Structure formats: structure tokens, C-alpha cells
Amino acid sequence: MNGDGPQPDVLITLIVLAAGGSSRMGSAKQLARVGGITLVRRAVLTAIKSKLGPVIVVTGAAGEAVRAEIADVAARMPDAAFSVRAVENRGWADGVSTSIRAGVQAAGAGSGILLMMADQPGVSAEHLRSMAAALRPPAITIVSTQYGLIGPPVLFDARHRPALCALSGDRGARSVIEANAAHAASIPLDSARLDVDTPEDLRRAEQFPTDE
């Protein structure tokens with residue numbers, strides 16, 4: 001892994017949301033394999049390769065197996081500056097907002113927050129670095145991803161931490177983006193359109209290479 005690409009002007013913690021129950025998949029999609037490795041490992045490797053900051057993986061459903069994956073990745077880390085650790089969300093069944101809160105609360109005080117999903121194999125480290133380069137507080141304090149709609153990954157300046165921690169129910173951070181539209185930007189990434197929810201999605205995900 002190298003340090004190519006723009007480096008952020010602010011401290012960023014990358015939070016991989018990997019706690020969901022995967023009801024449409026029929027089994028824990030975090031552990032589904034694409035290109036020989038699990039989706040959660042792919043997401044974590046992408047986050048590491050971005051070299052933007054430490055990585056937190058929020059676990060819930062199939063938590064023991066997911067944490068074992070994270071421990072294996074962490075053990076292989078050559079650079080302690082970009083640490084990887086798992087945070088358990090025992091309330092994961094109450095919706096994605098609980099995972100966002102768990103991740104944000106575990107991140108260092110003053111850190112910007114980059115929310116990633118474990119089921120978007122088309123997201124690249126280069127895209128994450130581009131997001132970091134576009135974050136320019138106080139003018140631009142949120143950078144999201146555009147793929148026909150506005151969605152994750154999404155990068156939030158540290159000033160939005162209280163709003164993220166105030167989210168409730170099975171709703172993501174869209175309300176925070178909408179409430180701060182005047183200070184939000186987006187970067188196109190059509191490949192982020194694929195989020196793996198079904199076995200067919202898993203087959204489509206094979207088009208994306210892996211870094212491991």
C-alpha cells in the first residue's frame with residue numbers, strides 16, 4: 001500500500017457499517033465471498049488503502065465471525081498509524097442509526113467521520129481520497145457519493161458528530177445531509193450503485209477486483 005493521492009487536511013476516522021441482519025440475502029452478507037474474500041474484508045482493505053486514518057468496523061449480526069475477520073486483517077497491518085478495530089453494536093436490530101452512533105462514539109474526539117457500507121464492493125480507495133480532498137470546512141462540510149442518488153460513502157466534518165449521534169430508528173444519515181445541503185458536495189461513482197442484497201448482486205460483484 002502506498003501514500004499516493006491527496007491527503008486530508010483534517011483527521012478522519014473511516015467507519016465500516018457491518019452489523020445488519022441481511023434478511024434478503026438469507027445469510028450474513030458481510031461474510032459472503034467475492035473474489036475469494038468476504039465483503040467486510042474487501043471494505044476494510046479499501047478503507048486501509050485510502051490511508052486517510054484509522055478504521056472502525058461496527059459489528060452486530062454474525063458478530064463473532066465478522067470480528068474474527070477484522071482481527072485477521074488487523075494482525076496483518078504493517079502501519080500502526082492506520083489501525084483497524086471492531087466495535088460491537090448490541091442494538092443493531094433497532095436499525096442502522098444505532099450502528100452509526102456506535103461508530104461515531106468510538107471515533108476519536110474531533111475526528112471527521114467517513115461512513116462506509118460493507119456491501120458496496122465497487123467503492124475504491126481512490127474515491128475515498130477524492131472525497132477527503134473535496135472536504136473544505138467551513139464551506140464544504142459533507143461530501144457524499146452520487147450514483148443516480150446521493151448516498152454512501154459519506155464524509156462528515158467533525159461538526160456533524162452530534163447530529164449523527166442523534167439519529168434514531170432504521171434511517172441512515174440522509175437527514176443530516178439534507179439539513180446541511182448548502183455545505184454539501186457529491187462526487188460521482190457509478191460503481192457504488194451496486195450494494196449486495198441478493199445472491200444475484202453477489203454474482204454481479206465479481207466484476208470488481210480485490211486488493212488482497
# chains A, B, ... in the order shown; residues from 1 in each chain; ligands from 1
$ residues_around --residues "Ala179 in chain A" --least-positions-apart "5" --cutoff "12 Å" --atoms "only C-alpha atoms" --output "MDAnalysis selection string"
chainID A and resid 141:142 160 163:164 173:174 184
$ select_by_dssp --residues "range 26-168 of chain A" --states "helix (DSSP H, G or I)" --output "PyMOL selection string"
chain A and resi 29-31+39-50+63-75+80-82+92-94+96-106+125-134+158-165
$ closest_residue --among "A:Met131, A:Glu206, A:Asp157, A:Pro138" --to "Ala182 in chain A" --atoms "only C-alpha atoms"
A:Pro138
$ closest_atom_pairs --of "range 85-137 of chain A" --to "range 165-170 of chain A" --cutoff "12 Å" --atoms "only C-alpha atoms" --output "Markdown table"
| residue | atom | partner | partner_atom | distance |
| --- | --- | --- | --- | --- |
| A:Gly91 | CA | A:Gly169 | CA | 10.6 |
| A:Trp92 | CA | A:Asp170 | CA | 9.5 |
| A:Ala93 | CA | A:Asp170 | CA | 8.8 |
| A:Asp94 | CA | A:Gly169 | CA | 6.1 |
| A:Gly95 | CA | A:Asp170 | CA | 3.7 |
| A:Val96 | CA | A:Asp170 | CA | 5.1 |
| A:Ser97 | CA | A:Ser168 | CA | 5.3 |
| A:Thr98 | CA | A:Ser168 | CA | 6.9 |
| A:Ser99 | CA | A:Cys165 | CA | 9.7 |
| A:Ile100 | CA | A:Cys165 | CA | 7.2 |
| A:Arg101 | CA | A:Cys165 | CA | 4.7 |
| A:Ala102 | CA | A:Cys165 | CA | 8.2 |
| A:Gly103 | CA | A:Cys165 | CA | 9.2 |
| A:Val104 | CA | A:Cys165 | CA | 6.9 |
| A:Gln105 | CA | A:Cys165 | CA | 7.5 |
| A:Ala106 | CA | A:Cys165 | CA | 11.0 |
| A:Ala107 | CA | A:Cys165 | CA | 11.6 |
| A:Ile113 | CA | A:Cys165 | CA | 11.5 |
$ select_by_dssp --residues "chain A" --states "strand (DSSP E or B)" --output "PyMOL selection string"
chain A and resi 12-18+33-34+37-38+55-60+62+84-88+112-117+136+140+142-146+150-156+184-188
$ atom_distance --atom1 "CA of Val73 in chain A" --atom2 "CA of Thr38 in chain A"
11.5 Å
$ residues_around --residues "Thr59 in chain A" --least-positions-apart "6" --cutoff "7 Å" --atoms "only C-alpha atoms" --output "JSON, numbers by chain"
{"A": [18, 19, 66, 86, 87, 88, 89]}
$ closest_residue --among "A:Thr13, A:Gln120, A:Ser191, A:Ser130" --to "Gln30 in chain A" --atoms "only C-alpha atoms"
A:Gln120
$ closest_residue --among "A:Leu14, A:Leu194, A:Val143, A:Val55" --to "Val176 in chain A" --atoms "only C-alpha atoms"
A:Val143
$ residues_around --residues "His127 in chain A" --least-positions-apart "5" --cutoff "12 Å" --atoms "only C-alpha atoms" --output "PyMOL selection string"
chain A and resi 5-6+46-47+49-52+114+116+122+132-134+143-146+152-155+186-192
$ write_last_selection --atoms "N, CA and C atoms" --output "compact mmCIF listing (two decimals), in the first residue's frame"
# COMPACT_ATOMS: atom_id res chain seq x y z
N GLY A 5 -1.98 9.96 -3.88
CA GLY A 5 -3.27 10.63 -3.79
C GLY A 5 -3.26 11.71 -2.73
N PRO A 6 -4.24 12.59 -2.77
CA PRO A 6 -4.29 13.70 -1.84
C PRO A 6 -4.49 13.23 -0.41
N THR A 46 -10.22 -1.65 1.43
CA THR A 46 -10.39 -0.39 0.70
C THR A 46 -10.14 0.80 1.63
N ALA A 47 -10.71 0.74 2.82
CA ALA A 47 -10.52 1.81 3.79
C ALA A 47 -9.05 1.97 4.16
N LYS A 49 -6.41 1.05 2.39
CA LYS A 49 -5.63 1.52 1.24
C LYS A 49 -5.78 3.01 1.01
N SER A 50 -6.89 3.59 1.44
CA SER A 50 -7.07 5.04 1.28
C SER A 50 -6.08 5.83 2.10
N LYS A 51 -5.57 5.25 3.18
CA LYS A 51 -4.61 5.91 4.07
C LYS A 51 -5.13 7.24 4.59
N LEU A 52 -6.39 7.28 4.91
CA LEU A 52 -6.99 8.51 5.43
C LEU A 52 -6.99 8.57 6.94
N LEU A 114 -16.08 9.19 8.10
CA LEU A 114 -16.38 8.69 6.76
C LEU A 114 -17.16 7.39 6.93
N MET A 116 -18.94 4.16 5.64
CA MET A 116 -18.91 3.22 4.54
C MET A 116 -19.83 2.05 4.84
N GLY A 122 -17.94 -1.90 -5.18
CA GLY A 122 -17.47 -1.02 -6.25
C GLY A 122 -16.83 0.26 -5.76
N ALA A 132 -12.05 13.01 0.54
CA ALA A 132 -11.29 13.75 1.55
C ALA A 132 -10.75 15.06 0.98
N ALA A 133 -10.30 15.02 -0.28
CA ALA A 133 -9.77 16.22 -0.91
C ALA A 133 -10.85 17.28 -1.12
N ALA A 134 -12.11 16.84 -1.26
CA ALA A 134 -13.21 17.78 -1.51
C ALA A 134 -13.77 18.40 -0.23
N VAL A 143 -19.33 15.48 2.21
CA VAL A 143 -19.10 15.01 0.83
C VAL A 143 -19.69 13.61 0.72
N SER A 144 -20.67 13.48 -0.17
CA SER A 144 -21.34 12.19 -0.37
C SER A 144 -20.98 11.63 -1.75
N THR A 145 -21.58 10.50 -2.09
CA THR A 145 -21.32 9.83 -3.35
C THR A 145 -22.58 9.88 -4.21
N GLN A 146 -22.39 10.18 -5.49
CA GLN A 146 -23.51 10.32 -6.42
C GLN A 146 -23.51 9.15 -7.39
N PRO A 152 -24.05 6.67 0.43
CA PRO A 152 -22.72 6.34 0.95
C PRO A 152 -21.80 5.84 -0.15
N PRO A 153 -20.50 5.93 0.14
CA PRO A 153 -19.87 6.50 1.32
C PRO A 153 -20.16 8.00 1.46
N VAL A 154 -20.18 8.46 2.71
CA VAL A 154 -20.39 9.88 3.00
C VAL A 154 -19.37 10.31 4.04
N LEU A 155 -18.76 11.47 3.78
CA LEU A 155 -17.76 12.02 4.69
C LEU A 155 -18.34 13.26 5.38
N SER A 186 -21.01 16.40 -3.70
CA SER A 186 -21.02 14.96 -4.01
C SER A 186 -20.05 14.68 -5.14
N ILE A 187 -19.53 13.46 -5.15
CA ILE A 187 -18.59 13.02 -6.17
C ILE A 187 -19.17 11.79 -6.87
N PRO A 188 -19.26 11.81 -8.20
CA PRO A 188 -19.87 10.68 -8.92
C PRO A 188 -19.03 9.41 -8.80
N LEU A 189 -19.71 8.27 -8.64
CA LEU A 189 -19.08 6.96 -8.67
C LEU A 189 -20.16 5.95 -9.01
N ASP A 190 -20.33 5.67 -10.30
CA ASP A 190 -21.43 4.82 -10.73
C ASP A 190 -21.33 3.41 -10.15
N SER A 191 -20.10 2.93 -9.94
CA SER A 191 -19.94 1.57 -9.43
C SER A 191 -20.43 1.42 -8.00
N ALA A 192 -20.63 2.53 -7.28
CA ALA A 192 -21.17 2.46 -5.91
C ALA A 192 -22.65 2.10 -5.92
$ atom_distance --atom1 "CA of Arg171 in chain A" --atom2 "CA of Val58 in chain A"
15.9 Å
$ closest_residue --among "A:Tyr147, A:Asp201, A:Ile56, A:Ala71" --to "Val16 in chain A" --atoms "only C-alpha atoms"
A:Ile56
$ atom_distance --atom1 "CA of Arg42 in chain A" --atom2 "CA of Pro121 in chain A"
6.9 Å
